[in-house]
file input_14.pdb (PDB, C-alpha atoms)
ATOM      1  CA  MET A 255     -22.175 -15.460   8.447
ATOM      2  CA  PRO A 256     -23.643 -16.362   5.025
ATOM      3  CA  PHE A 257     -20.563 -18.244   3.766
ATOM      4  CA  ASP A 258     -19.418 -21.649   4.962
ATOM      5  CA  THR A 259     -16.684 -22.961   2.678
ATOM      6  CA  TRP A 260     -13.427 -24.812   3.179
ATOM      7  CA  ILE A 261     -11.542 -21.521   2.896
ATOM      8  CA  THR A 262     -13.609 -19.691   5.542
ATOM      9  CA  ARG A 263     -13.486 -22.634   7.953
ATOM     10  CA  THR A 264      -9.810 -23.447   7.515
ATOM     11  CA  LEU A 265      -8.476 -19.895   7.508
ATOM     12  CA  GLY A 266     -10.904 -18.452  10.030
ATOM     13  CA  ILE A 267     -12.199 -15.687   7.783
ATOM     14  CA  ARG A 268     -15.752 -14.405   7.282
ATOM     15  CA  VAL A 269     -15.815 -13.861   3.519
ATOM     16  CA  PRO A 270     -14.127 -16.298   1.087
ATOM     17  CA  VAL A 271     -11.998 -13.597  -0.535
ATOM     18  CA  VAL A 272      -8.196 -13.773  -0.632
ATOM     19  CA  GLN A 273      -6.009 -10.823  -1.583
ATOM     20  CA  GLY A 274      -3.520 -12.058  -4.148
ATOM     21  CA  GLY A 275       0.206 -11.645  -3.628
ATOM     22  CA  MET A 276       1.409  -8.658  -5.685
ATOM     23  CA  GLN A 277       4.947  -7.352  -6.034
ATOM     24  CA  TRP A 278       5.354  -3.885  -4.461
ATOM     25  CA  VAL A 279       1.658  -3.919  -3.445
ATOM     26  CA  GLY A 280       1.268  -6.679  -0.846
ATOM     27  CA  VAL A 281       2.454  -4.732   2.197
ATOM     28  CA  ALA A 282       1.139  -4.439   5.750
ATOM     29  CA  GLU A 283      -1.245  -1.558   5.095
ATOM     30  CA  LEU A 284      -3.165  -3.463   2.431
ATOM     31  CA  ALA A 285      -2.940  -6.944   3.940
ATOM     32  CA  SER A 286      -4.178  -5.792   7.329
ATOM     33  CA  ALA A 287      -7.047  -3.840   5.772
ATOM     34  CA  VAL A 288      -8.233  -6.890   3.815
ATOM     35  CA  SER A 289      -8.034  -9.089   6.911
ATOM     36  CA  ASN A 290      -9.846  -6.535   9.049
ATOM     37  CA  ALA A 291     -12.558  -6.439   6.376
ATOM     38  CA  GLY A 292     -13.180 -10.188   6.742
ATOM     39  CA  GLY A 293     -11.035 -11.562   3.918
ATOM     40  CA  LEU A 294      -7.484 -12.905   3.949
ATOM     41  CA  GLY A 295      -4.743 -10.327   3.470
ATOM     42  CA  ILE A 296      -1.443 -11.446   1.975
ATOM     43  CA  LEU A 297       2.055 -10.008   2.410
ATOM     44  CA  THR A 298       4.275 -10.480  -0.647
ATOM     45  CA  ALA A 299       7.582 -11.918   0.578
ATOM     46  CA  LEU A 300       9.726 -10.744  -2.329
ATOM     47  CA  THR A 301       8.535  -7.156  -1.989
ATOM     48  CA  GLN A 302      10.851  -7.200   1.030
ATOM     49  CA  PRO A 303      14.571  -7.012   0.202
ATOM     50  CA  ASN A 304      15.540  -9.978   2.394
ATOM     51  CA  PRO A 305      14.014 -12.555   4.749
ATOM     52  CA  GLU A 306      14.679 -10.492   7.883
ATOM     53  CA  ALA A 307      12.801  -7.577   6.335
ATOM     54  CA  LEU A 308       9.860  -9.944   5.842
ATOM     55  CA  ARG A 309      10.015 -10.750   9.555
ATOM     56  CA  GLN A 310       9.695  -7.047  10.366
ATOM     57  CA  GLU A 311       6.818  -6.606   7.907
ATOM     58  CA  ILE A 312       4.934  -9.523   9.475
ATOM     59  CA  ARG A 313       5.384  -7.953  12.895
ATOM     60  CA  ARG A 314       4.287  -4.565  11.552
ATOM     61  CA  CYS A 315       1.169  -6.140  10.065
ATOM     62  CA  ARG A 316       0.346  -7.687  13.437
ATOM     63  CA  THR A 317       0.209  -4.187  14.934
ATOM     64  CA  MET A 318      -2.542  -3.366  12.432
ATOM     65  CA  THR A 319      -4.758  -6.460  12.668
ATOM     66  CA  SER A 320      -5.550  -9.291  15.041
ATOM     67  CA  LYS A 321      -7.133 -11.265  12.196
ATOM     68  CA  PRO A 322      -5.436 -14.011  10.145
ATOM     69  CA  PHE A 323      -3.198 -12.998   7.244
ATOM     70  CA  GLY A 324      -0.786 -14.910   5.057
ATOM     71  CA  VAL A 325       2.413 -14.610   3.038
ATOM     72  CA  ASN A 326       2.969 -15.080  -0.696
ATOM     73  CA  ILE A 327       6.179 -16.718  -1.934
ATOM     74  CA  THR A 328       6.509 -16.675  -5.715
ATOM     75  CA  LEU A 329       9.390 -18.629  -7.217
ATOM     76  CA  LEU A 330      10.593 -17.041 -10.458
ATOM     77  CA  PRO A 331      13.396 -17.904 -12.893
ATOM     78  CA  SER A 332      16.499 -15.922 -11.948
ATOM     79  CA  ILE A 333      20.254 -15.999 -12.489
ATOM     80  CA  THR A 334      20.693 -15.365  -8.757
ATOM     81  CA  PRO A 335      17.440 -16.535  -7.135
ATOM     82  CA  PRO A 336      16.422 -15.251  -3.699
ATOM     83  CA  ASP A 337      16.753 -17.553  -0.716
ATOM     84  CA  TYR A 338      13.203 -18.874  -0.941
ATOM     85  CA  PRO A 339      13.604 -21.419   1.890
ATOM     86  CA  ALA A 340      14.758 -18.606   4.178
ATOM     87  CA  TYR A 341      11.617 -16.596   3.422
ATOM     88  CA  ALA A 342       9.556 -19.705   4.197
ATOM     89  CA  ARG A 343      11.367 -20.305   7.481
ATOM     90  CA  ILE A 344      10.827 -16.685   8.568
ATOM     91  CA  ALA A 345       7.094 -17.053   7.895
ATOM     92  CA  ILE A 346       7.062 -20.219  10.008
ATOM     93  CA  GLU A 347       9.073 -18.647  12.833
ATOM     94  CA  GLU A 348       6.662 -15.696  12.906
ATOM     95  CA  GLY A 349       3.640 -17.954  13.255
ATOM     96  CA  ILE A 350       2.141 -17.499   9.785
ATOM     97  CA  LYS A 351      -0.511 -20.198   9.319
ATOM     98  CA  VAL A 352      -1.158 -19.873   5.571
ATOM     99  CA  VAL A 353       1.228 -19.320   2.663
ATOM    100  CA  GLU A 354       0.356 -18.786  -0.986
ATOM    101  CA  THR A 355       2.996 -20.258  -3.298
ATOM    102  CA  ALA A 356       3.383 -19.805  -7.040
ATOM    103  CA  GLY A 357       5.936 -20.269  -9.766
ATOM    104  CA  ASN A 358       8.525 -22.821 -10.789
ATOM    105  CA  ASN A 359       9.729 -25.862  -8.823
ATOM    106  CA  PRO A 360       7.871 -25.112  -5.585
ATOM    107  CA  GLY A 361       8.454 -28.581  -4.135
ATOM    108  CA  PRO A 362      11.296 -27.787  -1.680
ATOM    109  CA  VAL A 363       9.488 -24.734  -0.272
ATOM    110  CA  ILE A 364       6.187 -26.611  -0.016
ATOM    111  CA  LYS A 365       7.974 -29.411   1.881
ATOM    112  CA  ILE A 366       9.374 -26.943   4.431
ATOM    113  CA  LEU A 367       5.973 -25.343   4.934
ATOM    114  CA  LYS A 368       4.029 -28.590   5.229
ATOM    115  CA  GLU A 369       6.500 -30.062   7.731
ATOM    116  CA  ALA A 370       5.722 -27.030   9.911
ATOM    117  CA  GLY A 371       1.963 -27.521   9.581
ATOM    118  CA  VAL A 372       1.375 -24.439   7.410
ATOM    119  CA  VAL A 373      -1.672 -24.380   5.125
ATOM    120  CA  VAL A 374      -0.355 -24.052   1.554
ATOM    121  CA  ILE A 375      -2.408 -22.569  -1.270
ATOM    122  CA  HIS A 376      -0.571 -23.045  -4.573
ATOM    123  CA  LYS A 377      -1.436 -20.973  -7.627
ATOM    124  CA  CYS A 378      -1.646 -22.783 -10.992
ATOM    125  CA  THR A 379      -2.603 -21.775 -14.525
ATOM    126  CA  SER A 380      -3.316 -25.279 -15.829
ATOM    127  CA  ILE A 381      -4.921 -28.501 -14.661
ATOM    128  CA  ARG A 382      -1.725 -30.487 -15.235
ATOM    129  CA  HIS A 383       0.210 -28.169 -12.938
ATOM    130  CA  ALA A 384      -2.606 -28.322 -10.385
ATOM    131  CA  LEU A 385      -2.412 -32.116 -10.349
ATOM    132  CA  SER A 386       1.353 -31.928  -9.815
ATOM    133  CA  ALA A 387       0.871 -29.542  -6.880
ATOM    134  CA  GLU A 388      -1.801 -31.836  -5.482
ATOM    135  CA  ARG A 389       0.748 -34.662  -5.493
ATOM    136  CA  LEU A 390       3.215 -32.418  -3.641
ATOM    137  CA  GLY A 391       0.743 -32.233  -0.766
ATOM    138  CA  VAL A 392      -0.603 -28.692  -0.950
ATOM    139  CA  ASP A 393      -3.867 -28.067   0.892
ATOM    140  CA  CYS A 394      -5.639 -25.921  -1.678
ATOM    141  CA  LEU A 395      -5.132 -24.678  -5.220
ATOM    142  CA  SER A 396      -5.649 -21.217  -6.628
ATOM    143  CA  ILE A 397      -6.767 -21.782 -10.214
ATOM    144  CA  ASP A 398      -5.618 -18.804 -12.249
ATOM    145  CA  GLY A 399      -7.442 -18.163 -15.518
ATOM    146  CA  PHE A 400      -6.162 -16.446 -18.664
ATOM    147  CA  GLU A 401      -7.841 -13.209 -17.526
ATOM    148  CA  CYS A 402      -5.387 -12.748 -14.666
ATOM    149  CA  ALA A 403      -2.717 -10.126 -14.150
ATOM    150  CA  GLY A 404       0.882 -11.270 -14.133
ATOM    151  CA  HIS A 405       1.705 -14.688 -15.556
ATOM    152  CA  PRO A 406      -1.277 -16.579 -17.063
ATOM    153  CA  GLY A 407       0.832 -19.440 -18.387
ATOM    154  CA  GLU A 408       1.106 -20.444 -22.031
ATOM    155  CA  ASP A 409      -2.130 -22.379 -22.599
ATOM    156  CA  ASP A 410      -4.572 -19.426 -22.913
ATOM    157  CA  VAL A 411      -7.376 -21.233 -21.088
ATOM    158  CA  THR A 412      -9.940 -19.025 -19.384
ATOM    159  CA  GLY A 413     -11.090 -19.339 -15.810
ATOM    160  CA  LEU A 414     -14.536 -20.559 -16.843
ATOM    161  CA  ILE A 415     -13.052 -23.704 -18.356
ATOM    162  CA  LEU A 416     -10.321 -24.218 -15.764
ATOM    163  CA  LEU A 417     -12.726 -23.970 -12.824
ATOM    164  CA  ALA A 418     -15.298 -26.321 -14.315
ATOM    165  CA  LYS A 419     -12.522 -28.775 -15.182
ATOM    166  CA  SER A 420     -11.087 -28.469 -11.666
ATOM    167  CA  SER A 421     -14.353 -29.664 -10.166
ATOM    168  CA  LYS A 422     -13.896 -32.929 -12.062
ATOM    169  CA  ALA A 423     -10.135 -33.356 -11.944
ATOM    170  CA  LEU A 424      -9.040 -32.269  -8.472
ATOM    171  CA  LYS A 425      -9.413 -34.030  -5.132
ATOM    172  CA  ILE A 426      -8.524 -31.036  -2.943
ATOM    173  CA  PRO A 427     -10.257 -27.651  -2.540
ATOM    174  CA  TYR A 428      -9.557 -24.782  -4.914
ATOM    175  CA  ILE A 429     -10.244 -21.071  -5.145
ATOM    176  CA  ALA A 430     -10.800 -19.034  -8.298
ATOM    177  CA  SER A 431      -8.293 -16.447  -9.489
ATOM    178  CA  GLY A 432      -8.124 -14.158 -12.506
ATOM    179  CA  GLY A 433     -10.956 -11.857 -13.565
ATOM    180  CA  PHE A 434     -12.705 -11.567 -10.188
ATOM    181  CA  ALA A 435     -13.649  -8.177  -8.791
ATOM    182  CA  ASP A 436     -17.204  -8.265  -7.430
ATOM    183  CA  GLY A 437     -19.919 -10.280  -5.730
ATOM    184  CA  ARG A 438     -21.310 -11.640  -8.954
ATOM    185  CA  GLY A 439     -17.901 -13.132  -9.694
ATOM    186  CA  LEU A 440     -17.746 -14.700  -6.236
ATOM    187  CA  ALA A 441     -21.182 -16.265  -6.734
ATOM    188  CA  ALA A 442     -20.102 -17.615 -10.127
ATOM    189  CA  ALA A 443     -16.905 -19.060  -8.660
ATOM    190  CA  LEU A 444     -18.844 -20.863  -5.941
ATOM    191  CA  ALA A 445     -21.193 -22.265  -8.593
ATOM    192  CA  LEU A 446     -18.130 -23.582 -10.439
ATOM    193  CA  GLY A 447     -16.994 -25.497  -7.371
ATOM    194  CA  ALA A 448     -14.488 -23.006  -5.988
ATOM    195  CA  GLN A 449     -14.283 -22.388  -2.252
ATOM    196  CA  GLY A 450     -13.711 -18.667  -2.727
ATOM    197  CA  VAL A 451     -11.908 -16.156  -4.923
ATOM    198  CA  ASN A 452      -8.470 -14.598  -5.124
ATOM    199  CA  MET A 453      -8.362 -10.947  -6.215
ATOM    200  CA  GLY A 454      -5.295  -8.874  -7.042
ATOM    201  CA  THR A 455      -6.114  -6.045  -9.430
ATOM    202  CA  ARG A 456      -9.326  -5.188  -7.564
ATOM    203  CA  PHE A 457      -7.419  -4.729  -4.285
ATOM    204  CA  MET A 458      -4.808  -2.580  -6.053
ATOM    205  CA  CYS A 459      -7.583  -0.068  -6.547
ATOM    206  CA  THR A 460      -8.578   0.497  -2.912
ATOM    207  CA  GLN A 461      -7.924   3.307  -0.459
ATOM    208  CA  GLU A 462      -5.389   1.241   1.495
ATOM    209  CA  SER A 463      -3.435   0.073  -1.545
ATOM    210  CA  PRO A 464       0.087   1.587  -1.454
ATOM    211  CA  ILE A 465       0.223   2.473  -5.149
ATOM    212  CA  HIS A 466       0.004   6.081  -6.367
ATOM    213  CA  GLN A 467      -3.434   7.667  -6.670
ATOM    214  CA  GLN A 468      -2.877   8.408 -10.368
ATOM    215  CA  ILE A 469      -2.424   4.696 -11.087
ATOM    216  CA  LYS A 470      -5.638   3.917  -9.229
ATOM    217  CA  ASP A 471      -7.368   6.549 -11.364
ATOM    218  CA  GLU A 472      -5.978   4.878 -14.510
ATOM    219  CA  ILE A 473      -7.427   1.540 -13.393
ATOM    220  CA  VAL A 474     -10.848   3.126 -12.887
ATOM    221  CA  LYS A 475     -10.723   4.671 -16.380
ATOM    222  CA  ALA A 476      -9.576   1.445 -18.031
ATOM    223  CA  THR A 477     -11.745  -1.034 -19.912
ATOM    224  CA  GLU A 478     -11.355  -4.781 -20.241
ATOM    225  CA  ARG A 479      -9.379  -4.103 -23.459
ATOM    226  CA  ASP A 480      -6.656  -2.112 -21.709
ATOM    227  CA  THR A 481      -4.256  -4.943 -20.955
ATOM    228  CA  VAL A 482      -1.730  -6.616 -23.225
ATOM    229  CA  LEU A 483       0.317  -9.824 -23.232
ATOM    230  CA  MET A 484       4.087  -9.488 -23.426
ATOM    231  CA  LEU A 485       7.037 -11.919 -23.438
ATOM    232  CA  ARG A 486       4.989 -14.491 -25.343
ATOM    233  CA  SER A 487       7.899 -15.279 -27.653
ATOM    234  CA  PHE A 488      10.022 -16.142 -24.603
ATOM    235  CA  ARG A 489       7.312 -18.414 -23.154
ATOM    236  CA  ASN A 490       7.132 -16.224 -20.064
ATOM    237  CA  THR A 491       3.847 -14.544 -20.902
ATOM    238  CA  ALA A 492       2.762 -11.680 -18.663
ATOM    239  CA  ARG A 493      -0.472  -9.680 -18.727
ATOM    240  CA  ILE A 494       0.202  -6.018 -18.055
ATOM    241  CA  PHE A 495      -1.476  -2.640 -18.438
ATOM    242  CA  LYS A 496      -1.480  -1.404 -22.037
ATOM    243  CA  ASN A 497       0.819   1.606 -22.034
ATOM    244  CA  ARG A 498       3.492   2.821 -24.456
ATOM    245  CA  VAL A 499       6.251   0.722 -22.866
ATOM    246  CA  ALA A 500       4.152  -2.436 -23.062
ATOM    247  CA  GLN A 501       3.324  -1.808 -26.698
ATOM    248  CA  GLU A 502       7.008  -1.211 -27.462
ATOM    249  CA  VAL A 503       7.898  -4.582 -25.918
ATOM    250  CA  VAL A 504       5.232  -6.330 -28.007
ATOM    251  CA  ALA A 505       6.450  -4.568 -31.170
ATOM    252  CA  ILE A 506      10.032  -5.689 -30.531
ATOM    253  CA  GLU A 507       8.841  -9.268 -30.062
ATOM    254  CA  ARG A 508       6.805  -9.210 -33.283
ATOM    255  CA  ARG A 509       9.432  -7.623 -35.507
ATOM    256  CA  PRO A 510      11.580 -10.730 -36.200
ATOM    257  CA  LEU A 511       8.491 -12.849 -36.863
ATOM    258  CA  GLU A 512       7.107 -10.314 -39.324
ATOM    259  CA  GLN A 513      10.462 -10.278 -41.098
ATOM    260  CA  GLY A 514      10.621 -14.055 -41.354
ATOM    261  CA  GLY A 515      13.164 -14.534 -38.603
ATOM    262  CA  SER A 516      13.104 -16.236 -35.242
ATOM    263  CA  LYS A 517      12.299 -14.615 -31.911
ATOM    264  CA  ALA A 518      13.792 -11.379 -30.606
ATOM    265  CA  ASP A 519      16.842 -11.249 -28.365
ATOM    266  CA  PHE A 520      15.736 -10.822 -24.742
ATOM    267  CA  LYS A 521      18.435  -8.184 -24.305
ATOM    268  CA  GLU A 522      16.339  -5.902 -26.503
ATOM    269  CA  VAL A 523      13.404  -5.902 -24.105
ATOM    270  CA  GLN A 524      15.173  -6.441 -20.796
ATOM    271  CA  PRO A 525      15.601  -2.721 -19.953
ATOM    272  CA  LEU A 526      11.922  -2.111 -20.700
ATOM    273  CA  VAL A 527      10.537  -4.864 -18.467
ATOM    274  CA  SER A 528      12.725  -4.372 -15.397
ATOM    275  CA  GLY A 529      11.020  -4.646 -12.031
ATOM    276  CA  ALA A 530      12.627  -1.402 -10.880
ATOM    277  CA  ARG A 531      10.807   0.509 -13.612
ATOM    278  CA  GLY A 532       7.539  -1.139 -12.615
ATOM    279  CA  LYS A 533       8.040  -0.049  -9.014
ATOM    280  CA  THR A 534       8.573   3.509 -10.234
ATOM    281  CA  VAL A 535       5.093   3.460 -11.776
ATOM    282  CA  TYR A 536       3.553   2.766  -8.376
ATOM    283  CA  THR A 537       5.618   5.339  -6.485
ATOM    284  CA  THR A 538       5.530   8.267  -8.948
ATOM    285  CA  GLY A 539       2.131   7.754 -10.580
ATOM    286  CA  ASP A 540       3.662   7.879 -14.066
ATOM    287  CA  LYS A 541       1.798   5.122 -15.915
ATOM    288  CA  GLU A 542       4.411   5.212 -18.710
ATOM    289  CA  ALA A 543       7.459   4.749 -16.459
ATOM    290  CA  GLY A 544       7.536   0.978 -16.972
ATOM    291  CA  VAL A 545       5.414  -2.127 -17.308
ATOM    292  CA  TRP A 546       2.946  -2.920 -14.536
ATOM    293  CA  SER A 547       0.596  -5.801 -13.907
ATOM    294  CA  ALA A 548      -3.142  -5.494 -14.439
ATOM    295  CA  GLY A 549      -5.771  -8.125 -15.135
ATOM    296  CA  GLN A 550      -8.771  -7.920 -17.431
ATOM    297  CA  SER A 551     -10.835  -7.225 -14.322
ATOM    298  CA  VAL A 552      -9.861  -3.565 -14.761
ATOM    299  CA  GLY A 553     -12.986  -3.467 -16.916
ATOM    300  CA  LEU A 554     -15.088  -4.243 -13.816
ATOM    301  CA  ILE A 555     -13.548  -1.572 -11.574
ATOM    302  CA  ASP A 556     -15.185   1.842 -11.412
ATOM    303  CA  ASP A 557     -14.352   3.133  -7.935
ATOM    304  CA  ILE A 558     -11.676   3.257  -5.224
ATOM    305  CA  PRO A 559     -13.356   2.054  -2.022
ATOM    306  CA  THR A 560     -11.898   1.118   1.325
ATOM    307  CA  CYS A 561     -11.216  -2.599   1.706
ATOM    308  CA  ALA A 562     -13.971  -2.745   4.323
ATOM    309  CA  ASP A 563     -16.541  -1.277   1.937
ATOM    310  CA  LEU A 564     -15.362  -3.448  -0.945
ATOM    311  CA  VAL A 565     -15.473  -6.749   0.935
ATOM    312  CA  ALA A 566     -18.866  -5.894   2.481
ATOM    313  CA  ARG A 567     -20.240  -5.069  -0.963
ATOM    314  CA  ILE A 568     -18.887  -8.289  -2.446
ATOM    315  CA  GLU A 569     -20.427 -10.233   0.424
ATOM    316  CA  ASP A 570     -23.849  -8.595   0.021
ATOM    317  CA  ASP A 571     -23.860  -8.790  -3.787
ATOM    318  CA  ALA A 572     -22.879 -12.461  -3.813
ATOM    319  CA  VAL A 573     -25.641 -13.313  -1.355
ATOM    320  CA  ASN A 574     -28.168 -11.369  -3.448
ATOM    321  CA  VAL A 575     -27.074 -13.101  -6.664
ATOM    322  CA  VAL A 576     -27.339 -16.553  -5.132
ATOM    323  CA  SER A 577     -30.711 -15.727  -3.582
ATOM    324  CA  GLY A 578     -31.924 -14.378  -6.912
ATOM    325  CA  LEU A 579     -31.219 -17.693  -8.591
ATOM    326  CA  ALA A 580     -34.204 -19.104  -6.691
ATOM    327  CA  LYS A 581     -36.397 -17.102  -9.074
ATOM    328  CA  VAL A 582     -35.083 -18.937 -12.119
ATOM    329  CA  VAL A 583     -34.368 -22.373 -10.637
ATOM    330  CA  GLN A 584     -37.283 -23.975  -8.819
ATOM    331  CA  ILE A 585     -36.556 -27.128  -6.840
ATOM    332  CA  THR A 586     -39.003 -29.109  -4.719
ATOM    333  CA  ASN A 587     -37.774 -31.853  -2.388
ATOM    334  CA  GLY A 588     -34.473 -31.959  -4.241
ATOM    335  CA  ALA A 589     -36.119 -32.807  -7.579
ATOM    336  CA  ARG A 590     -36.567 -30.768 -10.721
ATOM    337  CA  LEU A 591     -40.035 -29.472 -11.476
TER     338      LEU A 591
END
call {"tool": "encode", "arguments": {"input": "input_14.pdb", "output": "structure tokens"}}
result
Amino acid sequence: MPFDTWITRTLGIRVPVVQGGMQWVGVAELASAVSNAGGLGILTALTQPNPEALRQEIRRCRTMTSKPFGVNITLLPSITPPDYPAYARIAIEEGIKVVETAGNNPGPVIKILKEAGVVVIHKCTSIRHALSAERLGVDCLSIDGFECAGHPGEDDVTGLILLAKSSKALKIPYIASGGFADGRGLAAALALGAQGVNMGTRFMCTQESPIHQQIKDEIVKATERDTVLMLRSFRNTARIFKNRVAQEVVAIERRPLEQGGSKADFKEVQPLVSGARGKTVYTTGDKEAGVWSAGQSVGLIDDIPTCADLVARIEDDAVNVVSGLAKVVQITNGARL
């Protein structure tokens, strides 16, 4: 076992790679495959319609792997929010040992999880939010750079800066998220003080991922320029794949500003950004059916491997990169030459 980090020791995994929680994607087939490959698979709680459905998905995942896996609970603004504490309690009742949290006002859910002895990894897009989560008692932070899919926050700070800053500012372990897809990225994250990496988009494009083959093919064809930021004017920025619907949303947002007005009315974009339309993309393979999350790491993806092959390749490539550094950095007895 070449890796010995807080994340491998604490979670009981071989490779310090965590599959990010992804709506409509983080189901038993993918989570179990990642865990069987030596990483940490994650079930996305809100992909299930209710807490009891999450219970059944956890049990289904256990029929596919004997290895550790976790649950993601993302708290999002909503007129009628889901029963987040109920999802947390189901995870606890089903013996889940690690939960990834993200989103707004996570304190009550974190309290429930920590009282039950669950390891909590909280995802943050800024150092100030990371420090707040640290004070709430989380065990580890997932530091999410501007390159990430989904919600990168409003500060536009890249992972390179956030990770280096984290090594100075944080007292608890952290993993790197946003823009990671290969072994070279894992090696870089470790050099920046992270205990591992979190990958979402890369795991979308695997054999076991539940999304339609045509969407996987689109990810392979994409470059690092094929994502776009929407909902910036509403301070709910999301990075998504650049398709016609995404570009229409951005155009609607820009129109009032170009005409000297204030921001657009959310009602104008609401039908375009609905989650139901995004789910349709994954089930039908129509990339134009709605908006769908993708990080800039699409530019690093050029195949659709099994999770086992992907994790093994990341492991080998990271080891080779770190070993190769010995050729350019020569140290004798701990001192510089």
call {"tool": "residues_around", "arguments": {"input": "input_14.pdb", "residues": "Ser286 of chain A", "least_positions_apart": "2", "cutoff": "7 Å", "atoms": "only C-alpha atoms", "output": "PDB file with C-alpha atoms, keeping the file's coordinate frame"}}
result
ATOM      1  CA  ALA A 282       1.139  -4.439   5.750  1.00  0.00           C
ATOM      2  CA  GLU A 283      -1.245  -1.558   5.095  1.00  0.00           C
ATOM      3  CA  LEU A 284      -3.165  -3.463   2.431  1.00  0.00           C
ATOM      4  CA  VAL A 288      -8.233  -6.890   3.815  1.00  0.00           C
ATOM      5  CA  SER A 289      -8.034  -9.089   6.911  1.00  0.00           C
ATOM      6  CA  ASN A 290      -9.846  -6.535   9.049  1.00  0.00           C
ATOM      7  CA  GLY A 295      -4.743 -10.327   3.470  1.00  0.00           C
ATOM      8  CA  CYS A 315       1.169  -6.140  10.065  1.00  0.00           C
ATOM      9  CA  MET A 318      -2.542  -3.366  12.432  1.00  0.00           C
ATOM     10  CA  THR A 319      -4.758  -6.460  12.668  1.00  0.00           C
TER      11      THR A 319
END
call {"tool": "residues_around", "arguments": {"input": "input_14.pdb", "residues": "Thr328 of chain A", "least_positions_apart": "5", "cutoff": "9 Å", "atoms": "only C-alpha atoms", "output": "list in words"}}
result
Gly275, Thr298, Ala299, Leu300, Tyr338, Glu354, Thr355, Ala356, Gly357, Asn358 and Pro360 of chain A
call {"tool": "residues_around", "arguments": {"input": "input_14.pdb", "residues": "segment 534-539 of chain A", "least_positions_apart": "4", "cutoff": "8 Å", "atoms": "only C-alpha atoms", "output": "PyMOL selection string"}}
result
chain A and resi 278+464-469+530+543-546
call {"tool": "resolve_selection", "arguments": {"input": "input_14.pdb", "expression": "the PyMOL selection byres ((chain A and resi 452) around 6)", "output": "short mmCIF file (atom, residue, chain, number, x, y, z; two decimals) with C-alpha atoms, in the coordinates of the input"}}
result
data_model
loop_
_atom_site.label_atom_id
_atom_site.label_comp_id
_atom_site.auth_asym_id
_atom_site.auth_seq_id
_atom_site.Cartn_x
_atom_site.Cartn_y
_atom_site.Cartn_z
CA VAL A 271 -12.00 -13.60 -0.54
CA VAL A 272 -8.20 -13.77 -0.63
CA GLN A 273 -6.01 -10.82 -1.58
CA GLY A 274 -3.52 -12.06 -4.15
CA ALA A 430 -10.80 -19.03 -8.30
CA SER A 431 -8.29 -16.45 -9.49
CA VAL A 451 -11.91 -16.16 -4.92
CA MET A 453 -8.36 -10.95 -6.22
#
call {"tool": "resolve_selection", "arguments": {"input": "input_14.pdb", "expression": "the PyMOL selection byres ((chain A and resi 270) around 10)", "output": "CSV table (one decimal) with C-alpha atoms, keeping the file's coordinate frame"}}
result
chain,number,residue,atom,x,y,z
A,257,PHE,CA,-20.6,-18.2,3.8
A,258,ASP,CA,-19.4,-21.6,5.0
A,259,THR,CA,-16.7,-23.0,2.7
A,260,TRP,CA,-13.4,-24.8,3.2
A,261,ILE,CA,-11.5,-21.5,2.9
A,262,THR,CA,-13.6,-19.7,5.5
A,263,ARG,CA,-13.5,-22.6,8.0
A,265,LEU,CA,-8.5,-19.9,7.5
A,266,GLY,CA,-10.9,-18.5,10.0
A,267,ILE,CA,-12.2,-15.7,7.8
A,268,ARG,CA,-15.8,-14.4,7.3
A,269,VAL,CA,-15.8,-13.9,3.5
A,271,VAL,CA,-12.0,-13.6,-0.5
A,272,VAL,CA,-8.2,-13.8,-0.6
A,292,GLY,CA,-13.2,-10.2,6.7
A,293,GLY,CA,-11.0,-11.6,3.9
A,294,LEU,CA,-7.5,-12.9,3.9
A,429,ILE,CA,-10.2,-21.1,-5.1
A,440,LEU,CA,-17.7,-14.7,-6.2
A,444,LEU,CA,-18.8,-20.9,-5.9
A,448,ALA,CA,-14.5,-23.0,-6.0
A,449,GLN,CA,-14.3,-22.4,-2.3
A,450,GLY,CA,-13.7,-18.7,-2.7
A,451,VAL,CA,-11.9,-16.2,-4.9
A,452,ASN,CA,-8.5,-14.6,-5.1
A,565,VAL,CA,-15.5,-6.7,0.9
A,568,ILE,CA,-18.9,-8.3,-2.4
A,569,GLU,CA,-20.4,-10.2,0.4
call {"tool": "closest_residue", "arguments": {"input": "input_14.pdb", "among": "A:Ile346, A:Val373, A:Val482, A:Leu526", "to": "Pro406 of chain A", "atoms": "all atoms listed in the file"}}
result
A:Val482
call {"tool": "atom_distance", "arguments": {"input": "input_14.pdb", "atom1": "atom CA of Cys402 of chain A", "atom2": "atom CA of Val279 of chain A"}}
result
15.9 Å
call {"tool": "atom_distance", "arguments": {"input": "input_14.pdb", "atom1": "atom CA of Ser487 of chain A", "atom2": "atom CA of Ser528 of chain A"}}
result
17.1 Å
call {"tool": "closest_residue", "arguments": {"input": "input_14.pdb", "among": "A:Asp398, A:Arg438, A:Leu390, A:Thr412", "to": "Gly578 of chain A", "atoms": "all atoms listed in the file"}}
result
A:Arg438
call {"tool": "atom_distance", "arguments": {"input": "input_14.pdb", "atom1": "atom CA of Lys541 of chain A", "atom2": "atom CA of Asn497 of chain A"}}
result
7.1 Å
call {"tool": "closest_residue", "arguments": {"input": "input_14.pdb", "among": "A:Glu388, A:Gly371, A:Ala445, A:Val411", "to": "Pro427 of chain A", "atoms": "all atoms listed in the file"}}
result
A:Glu388
call {"tool": "residues_around", "arguments": {"input": "input_14.pdb", "residues": "Cys459 of chain A", "least_positions_apart": "3", "cutoff": "8 Å", "atoms": "all atoms listed in the file", "output": "PyMOL selection string"}}
result
chain A and resi 455-456+463+470+473-474+555+557-559
call {"tool": "decode", "arguments": {"input": "input_14.pdb", "residues": "segment 533-537 of chain A", "atoms": "C-alpha atoms", "output": "mmCIF file, in the first residue's frame"}}
result
data_model
loop_
_atom_site.group_PDB
_atom_site.id
_atom_site.type_symbol
_atom_site.label_atom_id
_atom_site.label_comp_id
_atom_site.auth_asym_id
_atom_site.auth_seq_id
_atom_site.Cartn_x
_atom_site.Cartn_y
_atom_site.Cartn_z
ATOM 1 C CA LYS A 533 -32.092 14.183 -14.977
ATOM 2 C CA THR A 534 -33.531 13.746 -18.465
ATOM 3 C CA VAL A 535 -30.085 14.427 -19.930
ATOM 4 C CA TYR A 536 -28.646 11.478 -18.022
ATOM 5 C CA THR A 537 -31.482 9.076 -18.828
#
